[in-house]
$ cat data00.tsv   # TSV, C-alpha atoms
chain	number	residue	atom	x	y	z
A	1	SER	CA	27.21	-85.82	68.69
A	2	ARG	CA	25.28	-89.04	69.14
A	3	PRO	CA	23.77	-90.74	72.19
A	4	ILE	CA	26.20	-93.22	73.78
A	5	THR	CA	26.11	-95.39	76.90
A	6	VAL	CA	28.58	-97.18	79.13
A	7	PRO	CA	28.65	-100.84	78.05
A	8	PRO	CA	26.26	-102.76	80.35
A	9	ALA	CA	28.78	-105.58	80.81
A	10	HIS	CA	31.36	-103.11	82.15
A	11	VAL	CA	28.88	-101.60	84.62
A	12	ALA	CA	27.83	-105.05	85.83
A	13	GLU	CA	31.48	-106.11	86.19
A	14	VAL	CA	32.30	-103.10	88.38
A	15	ARG	CA	29.17	-103.64	90.49
A	16	ASP	CA	29.77	-107.37	91.02
A	17	ARG	CA	33.50	-106.97	91.69
A	18	GLY	CA	32.77	-104.28	94.25
A	19	ARG	CA	30.27	-106.50	96.04
A	20	ARG	CA	32.77	-109.37	96.19
A	21	GLU	CA	35.41	-107.09	97.66
A	22	LEU	CA	32.95	-105.80	100.26
A	23	ASP	CA	32.12	-109.37	101.27
A	24	ASP	CA	35.84	-110.16	101.60
A	25	LEU	CA	36.42	-107.06	103.75
A	26	ARG	CA	33.54	-107.92	106.06
A	27	LYS	CA	34.80	-111.49	106.43
A	28	LEU	CA	38.31	-110.31	107.30
A	29	ALA	CA	36.90	-107.87	109.86
A	30	ASP	CA	34.69	-110.57	111.44
A	31	GLU	CA	37.71	-112.84	111.76
A	32	GLY	CA	39.77	-110.09	113.37
A	33	HIS	CA	42.22	-109.77	110.47
A	34	ALA	CA	41.25	-106.23	109.43
A	35	ARG	CA	39.90	-102.99	110.86
A	36	ILE	CA	37.37	-101.05	108.79
A	37	PHE	CA	37.37	-97.25	109.01
A	38	GLY	CA	34.96	-96.49	106.13
A	39	ASP	CA	31.20	-96.87	105.80
A	40	LEU	CA	30.79	-100.12	103.88
A	41	ASP	CA	26.99	-99.87	103.92
A	42	ALA	CA	27.23	-96.56	102.03
A	43	VAL	CA	29.55	-98.13	99.46
A	44	GLU	CA	27.15	-101.05	99.02
A	45	ALA	CA	24.24	-98.66	98.52
A	46	ALA	CA	26.23	-96.81	95.85
A	47	LEU	CA	27.03	-100.05	94.05
A	48	ALA	CA	23.33	-100.89	93.96
A	49	LEU	CA	22.72	-97.71	91.97
A	50	LEU	CA	24.85	-99.08	89.11
A	51	GLY	CA	22.29	-101.57	87.92
A	52	PRO	CA	20.57	-102.57	85.83
A	53	ALA	CA	22.48	-100.95	82.99
A	54	VAL	CA	20.96	-99.28	79.95
A	55	THR	CA	21.30	-101.05	76.63
A	56	ASN	CA	23.65	-99.64	74.02
A	57	CYS	CA	22.35	-97.53	71.19
A	58	PRO	CA	22.36	-99.28	67.80
A	59	PRO	CA	25.09	-98.29	65.33
A	60	MET	CA	24.24	-95.61	62.80
A	61	THR	CA	23.46	-96.90	59.33
A	62	GLY	CA	22.42	-93.64	57.66
A	63	PRO	CA	22.03	-89.90	58.18
A	64	PHE	CA	21.73	-89.16	61.88
A	65	ASP	CA	18.74	-87.16	63.16
A	66	ARG	CA	19.51	-86.41	66.80
A	67	ALA	CA	16.04	-85.09	67.69
A	68	ALA	CA	14.28	-88.03	66.06
A	69	THR	CA	16.57	-90.50	67.83
A	70	LEU	CA	16.06	-88.90	71.24
A	71	THR	CA	12.27	-88.74	70.93
A	72	LYS	CA	11.69	-92.00	69.05
A	73	ASN	CA	10.10	-93.88	71.97
A	74	LEU	CA	8.60	-90.92	73.84
A	75	LYS	CA	4.88	-90.20	74.13
A	76	LEU	CA	5.20	-86.49	73.46
A	77	GLU	CA	1.52	-85.79	74.05
A	78	LYS	CA	1.98	-86.74	77.72
A	79	GLN	CA	3.60	-84.52	80.33
A	80	GLY	CA	7.37	-84.64	79.93
A	81	LEU	CA	10.40	-82.67	81.04
A	82	GLU	CA	13.29	-81.39	78.94
A	83	ILE	CA	16.28	-80.27	80.99
A	84	GLY	CA	18.45	-77.48	79.60
A	85	PRO	CA	16.81	-76.77	76.22
A	86	LEU	CA	18.35	-73.25	76.13
A	87	HIS	CA	17.82	-71.96	72.56
A	88	LYS	CA	17.54	-75.33	70.77
A	89	PRO	CA	14.89	-77.53	72.43
A	90	ILE	CA	14.57	-81.11	71.26
A	91	VAL	CA	10.85	-81.24	72.10
A	92	PRO	CA	8.87	-78.18	70.96
A	93	LYS	CA	6.16	-76.76	73.20
A	94	LYS	CA	3.56	-76.68	70.42
A	95	GLY	CA	1.51	-79.84	70.29
A	96	THR	CA	3.30	-81.56	73.19
A	97	GLY	CA	3.05	-81.74	76.99
A	98	VAL	CA	6.65	-80.77	77.64
A	99	LEU	CA	7.90	-78.48	80.39
A	100	TYR	CA	11.37	-76.90	80.34
A	101	ALA	CA	13.78	-76.90	83.28
A	102	ASP	CA	17.08	-75.05	83.68
A	103	HIS	CA	19.44	-73.76	86.36
A	104	LEU	CA	18.33	-70.13	85.92
A	105	PRO	CA	15.03	-68.36	85.15
A	106	THR	CA	14.53	-67.15	81.59
A	107	ASP	CA	15.67	-63.54	82.12
A	108	LYS	CA	18.84	-64.64	83.90
A	109	LEU	CA	19.65	-67.11	81.11
A	110	ARG	CA	19.30	-64.35	78.54
A	111	ASP	CA	21.61	-62.12	80.59
A	112	LYS	CA	24.15	-64.93	80.93
A	113	TYR	CA	24.27	-65.73	77.22
A	114	ARG	CA	23.86	-62.23	75.83
A	115	GLY	CA	26.49	-61.78	73.12
A	116	HIS	CA	27.46	-65.47	73.16
A	117	ALA	CA	28.60	-66.49	69.69
A	118	LEU	CA	26.95	-69.93	69.81
A	119	VAL	CA	23.64	-69.06	71.50
A	120	SER	CA	20.74	-67.22	69.88
A	121	ASN	CA	19.47	-65.06	72.73
A	122	ASP	CA	16.14	-64.41	71.03
A	123	HIS	CA	15.44	-68.15	70.87
A	124	ILE	CA	16.17	-69.01	74.51
A	125	GLN	CA	13.10	-70.86	75.73
A	126	ASP	CA	10.87	-69.82	78.63
A	127	VAL	CA	11.83	-71.84	81.69
A	128	ASP	CA	8.98	-73.55	83.57
A	129	ILE	CA	11.04	-75.10	86.39
A	130	VAL	CA	14.14	-73.50	87.88
A	131	ILE	CA	16.58	-76.02	89.38
A	132	GLY	CA	18.09	-74.51	92.52
A	133	PRO	CA	20.90	-75.62	94.86
A	134	SER	CA	18.67	-78.27	96.48
A	135	GLY	CA	18.47	-80.22	93.23
A	136	ILE	CA	16.04	-81.18	90.52
A	137	GLY	CA	13.86	-83.30	92.79
A	138	ASP	CA	12.93	-80.35	94.99
A	139	ALA	CA	12.40	-78.14	91.92
A	140	VAL	CA	9.99	-80.61	90.33
A	141	GLY	CA	8.02	-81.13	93.54
A	142	ALA	CA	4.88	-83.27	93.21
A	143	ARG	CA	4.89	-83.32	89.39
A	144	ARG	CA	5.27	-86.65	87.60
A	145	PHE	CA	6.56	-87.13	84.06
A	146	SER	CA	6.12	-89.73	81.34
A	147	TYR	CA	9.57	-88.89	80.00
A	148	VAL	CA	12.62	-86.81	80.83
A	149	LEU	CA	14.99	-85.67	78.11
A	150	ALA	CA	18.39	-84.03	78.52
A	151	SER	CA	20.72	-83.24	75.63
A	152	HIS	CA	24.33	-82.50	76.60
A	153	VAL	CA	23.46	-82.09	80.27
A	154	ILE	CA	24.68	-85.14	82.19
A	155	GLU	CA	28.33	-84.35	81.49
A	156	HIS	CA	27.86	-81.16	83.54
A	157	ILE	CA	26.34	-82.94	86.56
A	158	PRO	CA	28.75	-83.21	89.55
A	159	ASN	CA	26.90	-86.18	91.07
A	160	PRO	CA	25.34	-88.26	88.26
A	161	LEU	CA	24.09	-91.10	90.48
A	162	GLU	CA	22.17	-88.72	92.73
A	163	TRP	CA	20.82	-86.88	89.67
A	164	LEU	CA	19.62	-90.13	88.10
A	165	ASN	CA	18.08	-91.21	91.39
A	166	GLU	CA	16.18	-87.93	91.66
A	167	ILE	CA	14.88	-88.24	88.11
A	168	TYR	CA	13.73	-91.79	88.81
A	169	SER	CA	11.78	-90.52	91.83
A	170	PHE	CA	9.48	-88.33	89.72
A	171	MET	CA	9.08	-90.58	86.69
A	172	GLU	CA	5.77	-92.29	86.04
A	173	PRO	CA	5.86	-96.12	85.96
A	174	GLY	CA	7.34	-97.14	82.62
A	175	GLY	CA	8.73	-93.65	82.04
A	176	ILE	CA	11.74	-93.06	79.80
A	177	LEU	CA	14.90	-91.06	80.42
A	178	SER	CA	16.41	-90.03	77.06
A	179	LEU	CA	19.96	-88.66	77.08
A	180	ALA	CA	22.36	-87.27	74.49
A	181	VAL	CA	25.95	-87.59	75.72
A	182	PRO	CA	28.87	-86.13	73.73
A	183	ASP	CA	31.43	-88.54	72.31
A	184	LYS	CA	34.77	-87.24	73.56
A	185	ARG	CA	36.57	-88.50	70.47
A	186	TYR	CA	34.88	-85.78	68.41
A	187	CYS	CA	35.00	-82.75	70.69
A	188	PHE	CA	37.22	-80.58	72.88
A	189	ASP	CA	37.38	-83.34	75.56
A	190	ARG	CA	39.39	-85.63	73.30
A	191	LEU	CA	42.53	-85.67	75.48
A	192	ARG	CA	40.65	-86.22	78.74
A	193	GLY	CA	40.33	-89.64	80.36
A	194	LEU	CA	37.06	-91.56	80.41
A	195	THR	CA	34.83	-91.25	83.45
A	196	THR	CA	34.66	-94.56	85.32
A	197	PRO	CA	31.83	-96.04	87.41
A	198	THR	CA	34.02	-95.57	90.49
A	199	ASP	CA	34.26	-91.83	89.71
A	200	TRP	CA	30.47	-91.73	89.96
A	201	ILE	CA	30.48	-93.69	93.22
A	202	GLU	CA	33.04	-91.30	94.73
A	203	ALA	CA	30.90	-88.27	93.78
A	204	TRP	CA	27.84	-89.94	95.28
A	205	LEU	CA	29.59	-90.82	98.55
A	206	GLN	CA	30.95	-87.27	98.85
A	207	LYS	CA	27.54	-85.76	97.98
A	208	ALA	CA	29.24	-83.57	95.37
A	209	THR	CA	27.37	-80.42	94.36
A	210	LYS	CA	30.06	-78.87	92.15
A	211	PRO	CA	33.14	-80.01	90.22
A	212	THR	CA	36.34	-80.44	92.20
A	213	PRO	CA	39.32	-78.13	91.54
A	214	VAL	CA	41.15	-81.13	90.05
A	215	GLN	CA	38.29	-81.77	87.60
A	216	ILE	CA	38.24	-78.12	86.56
A	217	LEU	CA	42.03	-78.13	86.04
A	218	ASP	CA	41.76	-81.36	84.02
A	219	MET	CA	39.13	-79.78	81.77
A	220	LEU	CA	41.02	-76.51	81.24
A	221	SER	CA	44.44	-78.08	80.72
A	222	ASN	CA	43.26	-80.75	78.25
A	223	GLU	CA	40.82	-78.77	76.12
A	224	VAL	CA	41.63	-79.00	72.41
A	225	ARG	CA	40.22	-77.64	69.14
A	226	HIS	CA	40.46	-78.71	65.52
A	227	ASP	CA	40.78	-75.86	63.02
A	228	GLY	CA	39.33	-73.62	65.70
A	229	ASN	CA	36.24	-75.79	66.21
A	230	ILE	CA	35.19	-77.44	69.50
A	231	THR	CA	33.53	-80.35	67.66
A	232	TRP	CA	34.37	-82.27	64.50
A	233	GLY	CA	33.34	-85.32	62.47
A	234	GLU	CA	34.49	-88.92	62.34
A	235	ASN	CA	36.94	-88.23	59.50
A	236	VAL	CA	39.36	-86.46	61.88
A	237	VAL	CA	42.01	-88.84	63.23
$ encode --input "data00.tsv" --output "structure tokens"
Amino acid sequence: SRPITVPPAHVAEVRDRGRRELDDLRKLADEGHARIFGDLDAVEAALALLGPAVTNCPPMTGPFDRAATLTKNLKLEKQGLEIGPLHKPIVPKKGTGVLYADHLPTDKLRDKYRGHALVSNDHIQDVDIVIGPSGIGDAVGARRFSYVLASHVIEHIPNPLEWLNEIYSFMEPGGILSLAVPDKRYCFDRLRGLTTPTDWIEAWLQKATKPTPVQILDMLSNEVRHDGNITWGENVV
């Protein structure tokens, strides 16, 4: 997989259109032409979280080195955080200031993945920070990081806007968040629809802490494989 981002123009369009519609609703309510039952201030706060957008990654022009791409602009000697390294960390502990965070302590991770065909149990990394139900912000506490890296993590987050907001809260000024996000065209999610900015806003407004039953059904009912594999290359149509 390669890092991808939502086009900044699309994010800005959703944000600006939402603000215009909020202004129209408030005007109609002030004039007595509409009654508002929702919390428009909460919606406006959610829209504010959509900007500014991240720039797109440049197109690949040669062999792709995922680790090199993800760490290209990071100062690895400073204190950083890698979320969910499991058995294949992007940033090695040796010679760097990285800490590892995951949703379970090391022994529980090894129990969970024992016998898993795609995970080398012996290479599961020691977890420094355990992310509990209260979220990553509480788990990190007073620590501050020069960079945060997460490879194939954000697609598992029920409330991405809240997650990004929490990460921002413990980043040093000028810090970098580096993400690897799977391209659904080349994996088992191929038949699923694209997540929209409004999906993220809904999760934020509802303070989602786990996937909805509908999201789980969508994932299970649309999962596909190619020749038995859950990922494939660009040559597969």
$ atom_distance --input "data00.tsv" --atom1 "atom CA of Ile90 of chain A" --atom2 "atom CA of Ala68 of chain A"
8.7 Å
$ atom_distance --input "data00.tsv" --atom1 "atom CA of Leu164 of chain A" --atom2 "atom CA of Gly137 of chain A"
10.1 Å
$ atom_distance --input "data00.tsv" --atom1 "atom CA of Cys187 of chain A" --atom2 "atom CA of Ile230 of chain A"
5.4 Å
$ closest_residue --input "data00.tsv" --among "A:Leu109, A:Ala48, A:Ile124, A:Ile129" --to "Ile83 of chain A" --atoms "all atoms listed in the file"
A:Ile129
$ axis_aligned_box --input "data00.tsv" --around "segment 136-142 of chain A" --padding-each-side "5 Å" --output "AutoDock Vina command-line options"
--center_x 10.5 --center_y -80.7 --center_z 92.7 --size_x 21.2 --size_y 15.2 --size_z 14.7
$ residues_around --input "data00.tsv" --residues "Thr209 of chain A" --least-positions-apart "5" --cutoff "10 Å" --atoms "all atoms listed in the file" --output "VMD selection string"
chain A and resid 133 to 135 157 to 159 162 203 to 204
$ closest_residue --input "data00.tsv" --among "A:Lys184, A:Glu202, A:Leu99, A:Pro197" --to "Thr231 of chain A" --atoms "only C-alpha atoms"
A:Lys184
$ residues_near_point --input "data00.tsv" --point "(8.3, -84.2, 78.0)" --cutoff "10 Å" --atoms "only C-alpha atoms" --output "number ranges by chain"
A: 71, 74-83, 90-93, 96-100, 145-149, 176-177
$ closest_residue --input "data00.tsv" --among "A:Gly228, A:Pro105, A:Pro213, A:Gly233" --to "Asp183 of chain A" --atoms "all atoms listed in the file"
A:Gly233
$ residues_around --input "data00.tsv" --residues "Phe188 of chain A" --least-positions-apart "4" --cutoff "12 Å" --atoms "only C-alpha atoms" --output "list in words"
Pro182, Asp183, Lys184, Arg192, Met219, Leu220, Ser221, Asn222, Glu223, Val224, Arg225, His226, Asp227, Gly228, Asn229, Ile230, Thr231 and Trp232 of chain A
$ write_last_selection --input "data00.tsv" --atoms "C-alpha atoms" --output "mmCIF file, in the coordinates of the input"
data_model
loop_
_atom_site.group_PDB
_atom_site.id
_atom_site.type_symbol
_atom_site.label_atom_id
_atom_site.label_comp_id
_atom_site.auth_asym_id
_atom_site.auth_seq_id
_atom_site.Cartn_x
_atom_site.Cartn_y
_atom_site.Cartn_z
ATOM 1 C CA PRO A 182 28.870 -86.130 73.730
ATOM 2 C CA ASP A 183 31.430 -88.540 72.310
ATOM 3 C CA LYS A 184 34.770 -87.240 73.560
ATOM 4 C CA ARG A 192 40.650 -86.220 78.740
ATOM 5 C CA MET A 219 39.130 -79.780 81.770
ATOM 6 C CA LEU A 220 41.020 -76.510 81.240
ATOM 7 C CA SER A 221 44.440 -78.080 80.720
ATOM 8 C CA ASN A 222 43.260 -80.750 78.250
ATOM 9 C CA GLU A 223 40.820 -78.770 76.120
ATOM 10 C CA VAL A 224 41.630 -79.000 72.410
ATOM 11 C CA ARG A 225 40.220 -77.640 69.140
ATOM 12 C CA HIS A 226 40.460 -78.710 65.520
ATOM 13 C CA ASP A 227 40.780 -75.860 63.020
ATOM 14 C CA GLY A 228 39.330 -73.620 65.700
ATOM 15 C CA ASN A 229 36.240 -75.790 66.210
ATOM 16 C CA ILE A 230 35.190 -77.440 69.500
ATOM 17 C CA THR A 231 33.530 -80.350 67.660
ATOM 18 C CA TRP A 232 34.370 -82.270 64.500
#
$ closest_residue --input "data00.tsv" --among "A:Trp163, A:Thr212, A:Tyr168, A:Asp218" --to "Arg190 of chain A" --atoms "only C-alpha atoms"
A:Asp218
$ closest_residue --input "data00.tsv" --among "A:Arg19, A:His156, A:Lys27, A:Arg185" --to "His103 of chain A" --atoms "all atoms listed in the file"
A:His156
$ residues_around --input "data00.tsv" --residues "Leu86 of chain A" --least-positions-apart "6" --cutoff "10 Å" --atoms "only C-alpha atoms" --output "PyMOL selection string"
chain A and resi 100-102+106+109-110+113+119-121+123-127
